[in-house]
>>> print(open('model.tsv').read())   # TSV, N, CA and C atoms
chain	number	residue	atom	x	y	z
A	1	MET	N	24.30	76.74	115.47
A	1	MET	CA	23.89	76.41	114.11
A	1	MET	C	24.87	75.40	113.53
A	2	PRO	N	24.37	74.31	112.89
A	2	PRO	CA	25.29	73.32	112.36
A	2	PRO	C	26.12	73.89	111.20
A	3	GLU	N	27.23	73.25	110.95
A	3	GLU	CA	28.09	73.66	109.84
A	3	GLU	C	27.29	73.61	108.54
A	4	PRO	N	27.31	74.68	107.72
A	4	PRO	CA	26.47	74.72	106.52
A	4	PRO	C	26.71	73.57	105.55
A	5	THR	N	27.94	73.04	105.51
A	5	THR	CA	28.21	71.96	104.57
A	5	THR	C	27.52	70.67	104.95
A	6	THR	N	26.92	70.57	106.16
A	6	THR	CA	26.19	69.37	106.53
A	6	THR	C	24.79	69.37	105.94
A	7	ASP	N	24.35	70.48	105.41
A	7	ASP	CA	23.03	70.57	104.80
A	7	ASP	C	23.10	69.90	103.42
A	8	PRO	N	22.34	68.82	103.21
A	8	PRO	CA	22.42	68.10	101.93
A	8	PRO	C	22.02	68.95	100.73
A	9	ARG	N	21.30	70.03	100.97
A	9	ARG	CA	20.88	70.88	99.86
A	9	ARG	C	22.05	71.64	99.25
A	10	ALA	N	23.16	71.78	99.99
A	10	ALA	CA	24.33	72.50	99.46
A	10	ALA	C	24.88	71.77	98.24
A	11	LEU	N	24.95	70.45	98.29
A	11	LEU	CA	25.44	69.68	97.14
A	11	LEU	C	24.48	69.84	95.96
A	12	GLN	N	23.17	69.77	96.22
A	12	GLN	CA	22.19	69.95	95.14
A	12	GLN	C	22.34	71.33	94.50
A	13	LEU	N	22.51	72.33	95.33
A	13	LEU	CA	22.65	73.70	94.85
A	13	LEU	C	23.94	73.87	94.03
A	14	ALA	N	25.02	73.28	94.51
A	14	ALA	CA	26.30	73.38	93.80
A	14	ALA	C	26.22	72.69	92.44
A	15	GLU	N	25.65	71.50	92.41
A	15	GLU	CA	25.52	70.78	91.13
A	15	GLU	C	24.65	71.56	90.16
A	16	SER	N	23.56	72.10	90.65
A	16	SER	CA	22.65	72.86	89.80
A	16	SER	C	23.32	74.12	89.27
A	17	ARG	N	24.05	74.81	90.13
A	17	ARG	CA	24.75	76.02	89.71
A	17	ARG	C	25.78	75.68	88.63
A	18	TYR	N	26.49	74.58	88.81
A	18	TYR	CA	27.50	74.17	87.82
A	18	TYR	C	26.84	73.85	86.49
A	19	ARG	N	25.78	73.05	86.53
A	19	ARG	CA	25.11	72.65	85.29
A	19	ARG	C	24.44	73.83	84.59
A	20	ASN	N	23.78	74.69	85.38
A	20	ASN	CA	23.09	75.84	84.79
A	20	ASN	C	24.04	76.98	84.44
A	21	GLY	N	25.10	77.14	85.21
A	21	GLY	CA	26.02	78.25	85.00
A	21	GLY	C	27.02	78.02	83.89
A	22	TYR	N	27.32	76.76	83.64
A	22	TYR	CA	28.34	76.47	82.65
A	22	TYR	C	27.77	75.77	81.42
A	23	GLY	N	26.52	75.39	81.49
A	23	GLY	CA	25.82	74.86	80.34
A	23	GLY	C	26.18	73.44	79.95
A	24	PRO	N	25.37	72.86	79.07
A	24	PRO	CA	25.58	71.47	78.67
A	24	PRO	C	26.80	71.28	77.78
A	25	THR	N	27.41	72.35	77.30
A	25	THR	CA	28.57	72.22	76.43
A	25	THR	C	29.86	72.01	77.23
A	26	THR	N	29.76	72.10	78.54
A	26	THR	CA	30.94	71.90	79.38
A	26	THR	C	31.47	70.49	79.20
A	27	ALA	N	32.77	70.39	78.95
A	27	ALA	CA	33.37	69.08	78.71
A	27	ALA	C	33.33	68.21	79.96
A	28	ASP	N	33.48	68.84	81.13
A	28	ASP	CA	33.51	68.07	82.38
A	28	ASP	C	32.12	67.91	82.96
A	29	ALA	N	31.71	66.70	83.21
A	29	ALA	CA	30.49	66.45	83.96
A	29	ALA	C	30.81	66.67	85.43
A	30	TRP	N	29.79	66.90	86.25
A	30	TRP	CA	29.99	67.14	87.67
A	30	TRP	C	30.81	66.02	88.30
A	31	ASP	N	30.50	64.78	87.97
A	31	ASP	CA	31.18	63.64	88.59
A	31	ASP	C	32.66	63.55	88.22
A	32	THR	N	33.04	64.10	87.08
A	32	THR	CA	34.45	64.04	86.67
A	32	THR	C	35.17	65.36	86.88
A	33	LEU	N	34.46	66.33	87.45
A	33	LEU	CA	35.06	67.63	87.72
A	33	LEU	C	36.15	67.49	88.77
A	34	ASP	N	37.20	68.27	88.66
A	34	ASP	CA	38.29	68.24	89.63
A	34	ASP	C	37.72	68.39	91.04
A	35	PRO	N	38.10	67.50	91.96
A	35	PRO	CA	37.54	67.53	93.32
A	35	PRO	C	37.70	68.88	94.03
A	36	SER	N	38.80	69.59	93.78
A	36	SER	CA	38.98	70.88	94.45
A	36	SER	C	37.98	71.91	93.92
A	37	ILE	N	37.65	71.84	92.63
A	37	ILE	CA	36.65	72.75	92.07
A	37	ILE	C	35.26	72.38	92.59
A	38	ARG	N	34.97	71.08	92.65
A	38	ARG	CA	33.69	70.64	93.21
A	38	ARG	C	33.54	71.14	94.64
A	39	GLN	N	34.60	70.99	95.46
A	39	GLN	CA	34.52	71.41	96.86
A	39	GLN	C	34.35	72.92	96.96
A	40	TYR	N	35.02	73.67	96.09
A	40	TYR	CA	34.85	75.12	96.07
A	40	TYR	C	33.38	75.48	95.80
A	41	LEU	N	32.77	74.83	94.81
A	41	LEU	CA	31.37	75.11	94.47
A	41	LEU	C	30.43	74.70	95.60
A	42	VAL	N	30.72	73.58	96.27
A	42	VAL	CA	29.89	73.15	97.40
A	42	VAL	C	30.02	74.14	98.56
A	43	ASN	N	31.24	74.59	98.84
A	43	ASN	CA	31.43	75.58	99.92
A	43	ASN	C	30.70	76.88	99.60
A	44	GLU	N	30.80	77.31	98.35
A	44	GLU	CA	30.12	78.52	97.92
A	44	GLU	C	28.60	78.35	98.08
A	45	ALA	N	28.07	77.21	97.66
A	45	ALA	CA	26.63	76.94	97.78
A	45	ALA	C	26.21	76.88	99.24
A	46	ALA	N	27.05	76.28	100.08
A	46	ALA	CA	26.73	76.21	101.51
A	46	ALA	C	26.64	77.60	102.12
A	47	ALA	N	27.52	78.50	101.69
A	47	ALA	CA	27.49	79.88	102.19
A	47	ALA	C	26.21	80.58	101.73
A	48	TRP	N	25.83	80.40	100.47
A	48	TRP	CA	24.59	81.00	99.96
A	48	TRP	C	23.39	80.46	100.73
A	49	LEU	N	23.40	79.15	100.95
A	49	LEU	CA	22.28	78.52	101.64
A	49	LEU	C	22.19	79.01	103.09
A	50	ALA	N	23.31	79.10	103.77
A	50	ALA	CA	23.31	79.61	105.14
A	50	ALA	C	22.79	81.04	105.20
A	51	ALA	N	23.18	81.86	104.21
A	51	ALA	CA	22.70	83.24	104.16
A	51	ALA	C	21.19	83.28	103.90
A	52	ALA	N	20.70	82.40	103.03
A	52	ALA	CA	19.27	82.36	102.73
A	52	ALA	C	18.48	81.92	103.95
A	53	ILE	N	19.02	80.98	104.72
A	53	ILE	CA	18.36	80.54	105.95
A	53	ILE	C	18.33	81.68	106.97
A	54	ALA	N	19.47	82.34	107.12
A	54	ALA	CA	19.56	83.46	108.07
A	54	ALA	C	18.62	84.59	107.68
A	55	ALA	N	18.43	84.81	106.38
A	55	ALA	CA	17.54	85.88	105.91
A	55	ALA	C	16.07	85.48	105.95
A	56	GLY	N	15.80	84.20	106.22
A	56	GLY	CA	14.42	83.74	106.31
A	56	GLY	C	13.78	83.43	104.97
A	57	ILE	N	14.59	83.28	103.93
A	57	ILE	CA	14.02	82.96	102.62
A	57	ILE	C	14.21	81.50	102.23
A	58	ALA	N	14.85	80.73	103.10
A	58	ALA	CA	14.97	79.28	102.93
A	58	ALA	C	14.78	78.65	104.31
A	59	PRO	N	14.10	77.52	104.37
A	59	PRO	CA	13.90	76.88	105.68
A	59	PRO	C	15.16	76.16	106.13
A	60	PRO	N	15.34	76.01	107.44
A	60	PRO	CA	16.48	75.23	107.93
A	60	PRO	C	16.30	73.76	107.55
A	61	ALA	N	17.40	73.03	107.42
A	61	ALA	CA	17.32	71.61	107.06
A	61	ALA	C	16.80	70.77	108.21
A	62	GLU	N	17.04	71.22	109.44
A	62	GLU	CA	16.61	70.47	110.61
A	62	GLU	C	15.22	70.92	111.06
A	63	ARG	N	14.46	70.00	111.62
A	63	ARG	CA	13.13	70.31	112.14
A	63	ARG	C	13.27	71.28	113.32
A	64	PRO	N	12.62	72.46	113.25
A	64	PRO	CA	12.77	73.45	114.33
A	64	PRO	C	12.27	72.93	115.68
A	65	THR	N	11.15	72.24	115.71
A	65	THR	CA	10.62	71.64	116.94
A	65	THR	C	9.93	70.34	116.55
A	66	PRO	N	9.69	69.45	117.51
A	66	PRO	CA	8.98	68.21	117.18
A	66	PRO	C	7.58	68.44	116.61
A	67	LYS	N	7.00	69.60	116.87
A	67	LYS	CA	5.65	69.89	116.37
A	67	LYS	C	5.64	70.34	114.91
A	68	HIS	N	6.80	70.68	114.36
A	68	HIS	CA	6.86	71.13	112.98
A	68	HIS	C	6.77	69.95	112.01
A	69	SER	N	6.06	70.12	110.92
A	69	SER	CA	5.99	69.13	109.85
A	69	SER	C	6.63	69.73	108.61
A	70	ALA	N	7.32	68.91	107.87
A	70	ALA	CA	8.00	69.38	106.66
A	70	ALA	C	7.00	69.61	105.53
A	71	VAL	N	7.30	70.57	104.69
A	71	VAL	CA	6.53	70.83	103.48
A	71	VAL	C	7.49	70.64	102.32
A	72	TRP	N	7.06	69.87	101.33
A	72	TRP	CA	7.91	69.52	100.20
A	72	TRP	C	7.31	70.03	98.91
A	73	LEU	N	8.16	70.36	97.97
A	73	LEU	CA	7.75	70.77	96.63
A	73	LEU	C	8.47	69.83	95.67
A	74	ASP	N	7.72	69.16	94.78
A	74	ASP	CA	8.39	68.25	93.85
A	74	ASP	C	8.80	68.98	92.58
A	75	GLU	N	9.46	68.26	91.68
A	75	GLU	CA	10.00	68.89	90.48
A	75	GLU	C	8.92	69.41	89.52
A	76	GLU	N	7.68	68.98	89.72
A	76	GLU	CA	6.58	69.47	88.89
A	76	GLU	C	5.82	70.61	89.55
A	77	GLY	N	6.22	70.99	90.76
A	77	GLY	CA	5.58	72.10	91.45
A	77	GLY	C	4.43	71.69	92.35
A	78	PHE	N	4.24	70.38	92.57
A	78	PHE	CA	3.18	69.93	93.47
A	78	PHE	C	3.67	70.02	94.91
A	79	LEU	N	2.78	70.40	95.80
A	79	LEU	CA	3.10	70.63	97.20
A	79	LEU	C	2.68	69.41	98.02
A	80	TYR	N	3.52	69.02	98.96
A	80	TYR	CA	3.26	67.88	99.84
A	80	TYR	C	3.52	68.29	101.28
A	81	ALA	N	2.81	67.68	102.20
A	81	ALA	CA	3.04	67.91	103.62
A	81	ALA	C	3.41	66.59	104.27
A	82	GLU	N	4.29	66.66	105.22
A	82	GLU	CA	4.67	65.47	105.98
A	82	GLU	C	3.49	65.01	106.81
A	83	TYR	N	3.25	63.72	106.83
A	83	TYR	CA	2.21	63.13	107.66
A	83	TYR	C	2.90	62.52	108.86
A	84	GLN	N	2.78	63.18	110.00
A	84	GLN	CA	3.49	62.74	111.21
A	84	GLN	C	2.93	61.40	111.70
A	85	THR	N	3.84	60.53	112.08
A	85	THR	CA	3.46	59.22	112.62
A	85	THR	C	3.88	59.15	114.08
A	86	SER	N	3.40	58.15	114.74
A	86	SER	CA	3.78	57.95	116.14
A	86	SER	C	4.28	56.52	116.29
A	87	PRO	N	5.51	56.32	116.71
A	87	PRO	CA	6.50	57.34	117.03
A	87	PRO	C	6.98	58.02	115.76
A	88	PRO	N	7.52	59.23	115.89
A	88	PRO	CA	7.99	59.97	114.71
A	88	PRO	C	9.06	59.21	113.94
A	89	THR	N	9.02	59.33	112.63
A	89	THR	CA	10.03	58.70	111.79
A	89	THR	C	11.04	59.77	111.38
A	90	PRO	N	12.23	59.34	111.00
A	90	PRO	CA	13.21	60.32	110.50
A	90	PRO	C	12.66	61.02	109.26
A	91	LEU	N	13.09	62.23	109.04
A	91	LEU	CA	12.60	63.02	107.92
A	91	LEU	C	12.81	62.30	106.59
A	92	SER	N	13.92	61.56	106.47
A	92	SER	CA	14.19	60.85	105.21
A	92	SER	C	13.19	59.73	104.95
A	93	ASP	N	12.53	59.24	105.99
A	93	ASP	CA	11.54	58.16	105.86
A	93	ASP	C	10.11	58.67	106.03
A	94	ALA	N	9.93	59.98	106.00
A	94	ALA	CA	8.62	60.56	106.29
A	94	ALA	C	7.57	60.11	105.28
A	95	ALA	N	6.36	59.94	105.78
A	95	ALA	CA	5.21	59.75	104.91
A	95	ALA	C	4.74	61.14	104.51
A	96	ILE	N	4.39	61.31	103.24
A	96	ILE	CA	3.95	62.63	102.80
A	96	ILE	C	2.60	62.53	102.13
A	97	LEU	N	1.88	63.62	102.18
A	97	LEU	CA	0.53	63.71	101.65
A	97	LEU	C	0.48	64.88	100.68
A	98	ARG	N	0.04	64.60	99.46
A	98	ARG	CA	-0.05	65.69	98.48
A	98	ARG	C	-1.16	66.64	98.86
A	99	LEU	N	-0.86	67.93	98.80
A	99	LEU	CA	-1.85	68.95	99.09
A	99	LEU	C	-2.55	69.32	97.79
A	100	VAL	N	-3.85	69.42	97.85
A	100	VAL	CA	-4.63	69.72	96.65
A	100	VAL	C	-5.40	71.02	96.83
A	101	TRP	N	-5.69	71.66	95.73
A	101	TRP	CA	-6.45	72.91	95.78
A	101	TRP	C	-7.93	72.57	95.86
A	102	ALA	N	-8.64	73.20	96.78
A	102	ALA	CA	-10.08	72.99	96.92
A	102	ALA	C	-10.76	74.34	96.97
A	103	ARG	N	-11.50	74.66	95.95
A	103	ARG	CA	-12.16	75.96	95.83
A	103	ARG	C	-13.05	76.24	97.03
A	104	GLU	N	-13.64	75.21	97.61
A	104	GLU	CA	-14.55	75.37	98.74
A	104	GLU	C	-13.85	75.91	99.98
A	105	THR	N	-12.54	75.74	100.06
A	105	THR	CA	-11.81	76.17	101.25
A	105	THR	C	-10.97	77.42	101.01
A	106	CYS	N	-11.11	78.04	99.84
A	106	CYS	CA	-10.29	79.22	99.58
A	106	CYS	C	-10.77	80.41	100.39
A	107	GLU	N	-9.84	81.32	100.61
A	107	GLU	CA	-10.10	82.51	101.42
A	107	GLU	C	-9.32	83.66	100.81
A	108	SER	N	-9.74	84.86	101.04
A	108	SER	CA	-9.06	86.03	100.51
A	108	SER	C	-7.69	86.19	101.16
A	109	LYS	N	-6.65	86.21	100.33
A	109	LYS	CA	-5.29	86.41	100.83
A	109	LYS	C	-5.18	87.76	101.53
A	110	ARG	N	-5.75	88.79	100.91
A	110	ARG	CA	-5.68	90.14	101.50
A	110	ARG	C	-6.35	90.17	102.88
A	111	GLU	N	-7.52	89.53	103.01
A	111	GLU	CA	-8.21	89.52	104.31
A	111	GLU	C	-7.40	88.77	105.35
A	112	MET	N	-6.75	87.67	104.91
A	112	MET	CA	-5.91	86.93	105.86
A	112	MET	C	-4.72	87.77	106.29
A	113	GLU	N	-4.12	88.49	105.34
A	113	GLU	CA	-2.99	89.38	105.68
A	113	GLU	C	-3.45	90.49	106.61
A	114	ASP	N	-4.67	90.99	106.39
A	114	ASP	CA	-5.22	92.01	107.28
A	114	ASP	C	-5.37	91.48	108.71
A	115	ARG	N	-5.55	90.18	108.84
A	115	ARG	CA	-5.66	89.56	110.17
A	115	ARG	C	-4.30	89.13	110.72
A	116	GLY	N	-3.21	89.45	109.97
A	116	GLY	CA	-1.87	89.17	110.48
A	116	GLY	C	-1.14	88.02	109.82
A	117	ALA	N	-1.76	87.33	108.87
A	117	ALA	CA	-1.07	86.23	108.19
A	117	ALA	C	0.05	86.79	107.32
A	118	ARG	N	1.13	86.03	107.21
A	118	ARG	CA	2.25	86.41	106.34
A	118	ARG	C	2.50	85.27	105.37
A	119	PHE	N	2.68	85.58	104.12
A	119	PHE	CA	2.90	84.57	103.10
A	119	PHE	C	4.24	84.79	102.42
A	120	ARG	N	4.85	83.70	101.96
A	120	ARG	CA	6.10	83.75	101.22
A	120	ARG	C	5.91	82.96	99.95
A	121	LEU	N	6.17	83.59	98.82
A	121	LEU	CA	6.10	82.91	97.54
A	121	LEU	C	7.26	81.92	97.47
A	122	ILE	N	6.98	80.62	97.32
A	122	ILE	CA	8.05	79.63	97.25
A	122	ILE	C	8.18	79.03	95.86
A	123	GLY	N	7.27	79.33	94.99
A	123	GLY	CA	7.37	78.78	93.63
A	123	GLY	C	6.04	78.88	92.93
A	124	TRP	N	5.95	78.22	91.78
A	124	TRP	CA	4.76	78.26	90.95
A	124	TRP	C	4.33	76.85	90.62
A	125	SER	N	3.04	76.65	90.43
A	125	SER	CA	2.50	75.35	90.07
A	125	SER	C	1.56	75.52	88.89
A	126	GLU	N	1.51	74.53	88.04
A	126	GLU	CA	0.60	74.56	86.91
A	126	GLU	C	-0.68	73.83	87.22
>>> encode(input="model.tsv", output="structure tokens")
Amino acid sequence: MPEPTTDPRALQLAESRYRNGYGPTTADAWDTLDPSIRQYLVNEAAAWLAAAIAAGIAPPAERPTPKHSAVWLDEEGFLYAEYQTSPPTPLSDAAILRLVWARETCESKREMEDRGARFRLIGWSE
């Protein structure tokens, strides 16, 4: 398993925790925060992220197999799927396709679970 601090989400998590945990009244902005405190928060976030990945409640940052496609959630709660190209592009350059709700294709969640499907709530959309 790669070192948790290599996951770019650790920095996002640390910044968010700092901003949300200490509020907008904090005199120090993240960019001017003492580097040792920033590194402490990033290390802490990396540990949380590694634990969430190990527990199966967060996906790994790396593609598990070449057949896997990334699923993205934007800041408004819209869901996107990676559109695989040939040859494959790096994840940072991936083409993505917004997923839309279509009533004609809906199915009973309970019936799908009865057939063995497993679902994980990842967020909410309006």
>>> closest_residue(input="model.tsv", among="A:Ile37, A:Met112, A:Ala50, A:Ala81", to="Leu97 in chain A", atoms="only N, CA and C atoms")
A:Ala81
>>> atom_distance(input="model.tsv", atom1="CA of Glu75 in chain A", atom2="atom N of Asp7 in chain A")
20.8 Å
>>> atom_distance(input="model.tsv", atom1="atom N of Ile53 in chain A", atom2="atom C of Val71 in chain A")
15.7 Å
>>> select_by_dssp(input="model.tsv", residues="range 77-126 of chain A", states="strand (DSSP E)", output="PyMOL selection string")
chain A and resi 79-83+95-98
>>> residues_near_point(input="model.tsv", point="(2.3, 66.4, 122.8)", cutoff="12 Å", atoms="only C-alpha atoms", output="PDB file with N, CA and C atoms, in the coordinates of the input")
ATOM      1  N   THR A  65      11.150  72.240 115.710  1.00  0.00           N
ATOM      2  CA  THR A  65      10.620  71.640 116.940  1.00  0.00           C
ATOM      3  C   THR A  65       9.930  70.340 116.550  1.00  0.00           C
ATOM      4  N   PRO A  66       9.690  69.450 117.510  1.00  0.00           N
ATOM      5  CA  PRO A  66       8.980  68.210 117.180  1.00  0.00           C
ATOM      6  C   PRO A  66       7.580  68.440 116.610  1.00  0.00           C
ATOM      7  N   LYS A  67       7.000  69.600 116.870  1.00  0.00           N
ATOM      8  CA  LYS A  67       5.650  69.890 116.370  1.00  0.00           C
ATOM      9  C   LYS A  67       5.640  70.340 114.910  1.00  0.00           C
ATOM     10  N   HIS A  68       6.800  70.680 114.360  1.00  0.00           N
ATOM     11  CA  HIS A  68       6.860  71.130 112.980  1.00  0.00           C
ATOM     12  C   HIS A  68       6.770  69.950 112.010  1.00  0.00           C
ATOM     13  N   SER A  86       3.400  58.150 114.740  1.00  0.00           N
ATOM     14  CA  SER A  86       3.780  57.950 116.140  1.00  0.00           C
ATOM     15  C   SER A  86       4.280  56.520 116.290  1.00  0.00           C
ATOM     16  N   PRO A  87       5.510  56.320 116.710  1.00  0.00           N
ATOM     17  CA  PRO A  87       6.500  57.340 117.030  1.00  0.00           C
ATOM     18  C   PRO A  87       6.980  58.020 115.760  1.00  0.00           C
ATOM     19  N   PRO A  88       7.520  59.230 115.890  1.00  0.00           N
ATOM     20  CA  PRO A  88       7.990  59.970 114.710  1.00  0.00           C
ATOM     21  C   PRO A  88       9.060  59.210 113.940  1.00  0.00           C
TER      22      PRO A  88
END
>>> select_by_dssp(input="model.tsv", residues="range 10-109 of chain A", states="alpha helix (DSSP H)", output="number ranges by chain")
A: 10-22, 35-55, 109
>>> residues_near_point(input="model.tsv", point="(20.6, 81.6, 95.8)", cutoff="12 Å", atoms="only C-alpha atoms", output="PyMOL selection string")
chain A and resi 9-10+12-14+16-17+44-53+55+57-58
>>> write_last_selection(input="model.tsv", atoms="N, CA and C atoms", output="PDB file, keeping the file's coordinate frame")
ATOM      1  N   ARG A   9      21.300  70.030 100.970  1.00  0.00           N
ATOM      2  CA  ARG A   9      20.880  70.880  99.860  1.00  0.00           C
ATOM      3  C   ARG A   9      22.050  71.640  99.250  1.00  0.00           C
ATOM      4  N   ALA A  10      23.160  71.780  99.990  1.00  0.00           N
ATOM      5  CA  ALA A  10      24.330  72.500  99.460  1.00  0.00           C
ATOM      6  C   ALA A  10      24.880  71.770  98.240  1.00  0.00           C
ATOM      7  N   GLN A  12      23.170  69.770  96.220  1.00  0.00           N
ATOM      8  CA  GLN A  12      22.190  69.950  95.140  1.00  0.00           C
ATOM      9  C   GLN A  12      22.340  71.330  94.500  1.00  0.00           C
ATOM     10  N   LEU A  13      22.510  72.330  95.330  1.00  0.00           N
ATOM     11  CA  LEU A  13      22.650  73.700  94.850  1.00  0.00           C
ATOM     12  C   LEU A  13      23.940  73.870  94.030  1.00  0.00           C
ATOM     13  N   ALA A  14      25.020  73.280  94.510  1.00  0.00           N
ATOM     14  CA  ALA A  14      26.300  73.380  93.800  1.00  0.00           C
ATOM     15  C   ALA A  14      26.220  72.690  92.440  1.00  0.00           C
ATOM     16  N   SER A  16      23.560  72.100  90.650  1.00  0.00           N
ATOM     17  CA  SER A  16      22.650  72.860  89.800  1.00  0.00           C
ATOM     18  C   SER A  16      23.320  74.120  89.270  1.00  0.00           C
ATOM     19  N   ARG A  17      24.050  74.810  90.130  1.00  0.00           N
ATOM     20  CA  ARG A  17      24.750  76.020  89.710  1.00  0.00           C
ATOM     21  C   ARG A  17      25.780  75.680  88.630  1.00  0.00           C
ATOM     22  N   GLU A  44      30.800  77.310  98.350  1.00  0.00           N
ATOM     23  CA  GLU A  44      30.120  78.520  97.920  1.00  0.00           C
ATOM     24  C   GLU A  44      28.600  78.350  98.080  1.00  0.00           C
ATOM     25  N   ALA A  45      28.070  77.210  97.660  1.00  0.00           N
ATOM     26  CA  ALA A  45      26.630  76.940  97.780  1.00  0.00           C
ATOM     27  C   ALA A  45      26.210  76.880  99.240  1.00  0.00           C
ATOM     28  N   ALA A  46      27.050  76.280 100.080  1.00  0.00           N
ATOM     29  CA  ALA A  46      26.730  76.210 101.510  1.00  0.00           C
ATOM     30  C   ALA A  46      26.640  77.600 102.120  1.00  0.00           C
ATOM     31  N   ALA A  47      27.520  78.500 101.690  1.00  0.00           N
ATOM     32  CA  ALA A  47      27.490  79.880 102.190  1.00  0.00           C
ATOM     33  C   ALA A  47      26.210  80.580 101.730  1.00  0.00           C
ATOM     34  N   TRP A  48      25.830  80.400 100.470  1.00  0.00           N
ATOM     35  CA  TRP A  48      24.590  81.000  99.960  1.00  0.00           C
ATOM     36  C   TRP A  48      23.390  80.460 100.730  1.00  0.00           C
ATOM     37  N   LEU A  49      23.400  79.150 100.950  1.00  0.00           N
ATOM     38  CA  LEU A  49      22.280  78.520 101.640  1.00  0.00           C
ATOM     39  C   LEU A  49      22.190  79.010 103.090  1.00  0.00           C
ATOM     40  N   ALA A  50      23.310  79.100 103.770  1.00  0.00           N
ATOM     41  CA  ALA A  50      23.310  79.610 105.140  1.00  0.00           C
ATOM     42  C   ALA A  50      22.790  81.040 105.200  1.00  0.00           C
ATOM     43  N   ALA A  51      23.180  81.860 104.210  1.00  0.00           N
ATOM     44  CA  ALA A  51      22.700  83.240 104.160  1.00  0.00           C
ATOM     45  C   ALA A  51      21.190  83.280 103.900  1.00  0.00           C
ATOM     46  N   ALA A  52      20.700  82.400 103.030  1.00  0.00           N
ATOM     47  CA  ALA A  52      19.270  82.360 102.730  1.00  0.00           C
ATOM     48  C   ALA A  52      18.480  81.920 103.950  1.00  0.00           C
ATOM     49  N   ILE A  53      19.020  80.980 104.720  1.00  0.00           N
ATOM     50  CA  ILE A  53      18.360  80.540 105.950  1.00  0.00           C
ATOM     51  C   ILE A  53      18.330  81.680 106.970  1.00  0.00           C
ATOM     52  N   ALA A  55      18.430  84.810 106.380  1.00  0.00           N
ATOM     53  CA  ALA A  55      17.540  85.880 105.910  1.00  0.00           C
ATOM     54  C   ALA A  55      16.070  85.480 105.950  1.00  0.00           C
ATOM     55  N   ILE A  57      14.590  83.280 103.930  1.00  0.00           N
ATOM     56  CA  ILE A  57      14.020  82.960 102.620  1.00  0.00           C
ATOM     57  C   ILE A  57      14.210  81.500 102.230  1.00  0.00           C
ATOM     58  N   ALA A  58      14.850  80.730 103.100  1.00  0.00           N
ATOM     59  CA  ALA A  58      14.970  79.280 102.930  1.00  0.00           C
ATOM     60  C   ALA A  58      14.780  78.650 104.310  1.00  0.00           C
TER      61      ALA A  58
END
>>> atom_distance(input="model.tsv", atom1="CA of Trp72 in chain A", atom2="CA of Arg38 in chain A")
26.7 Å
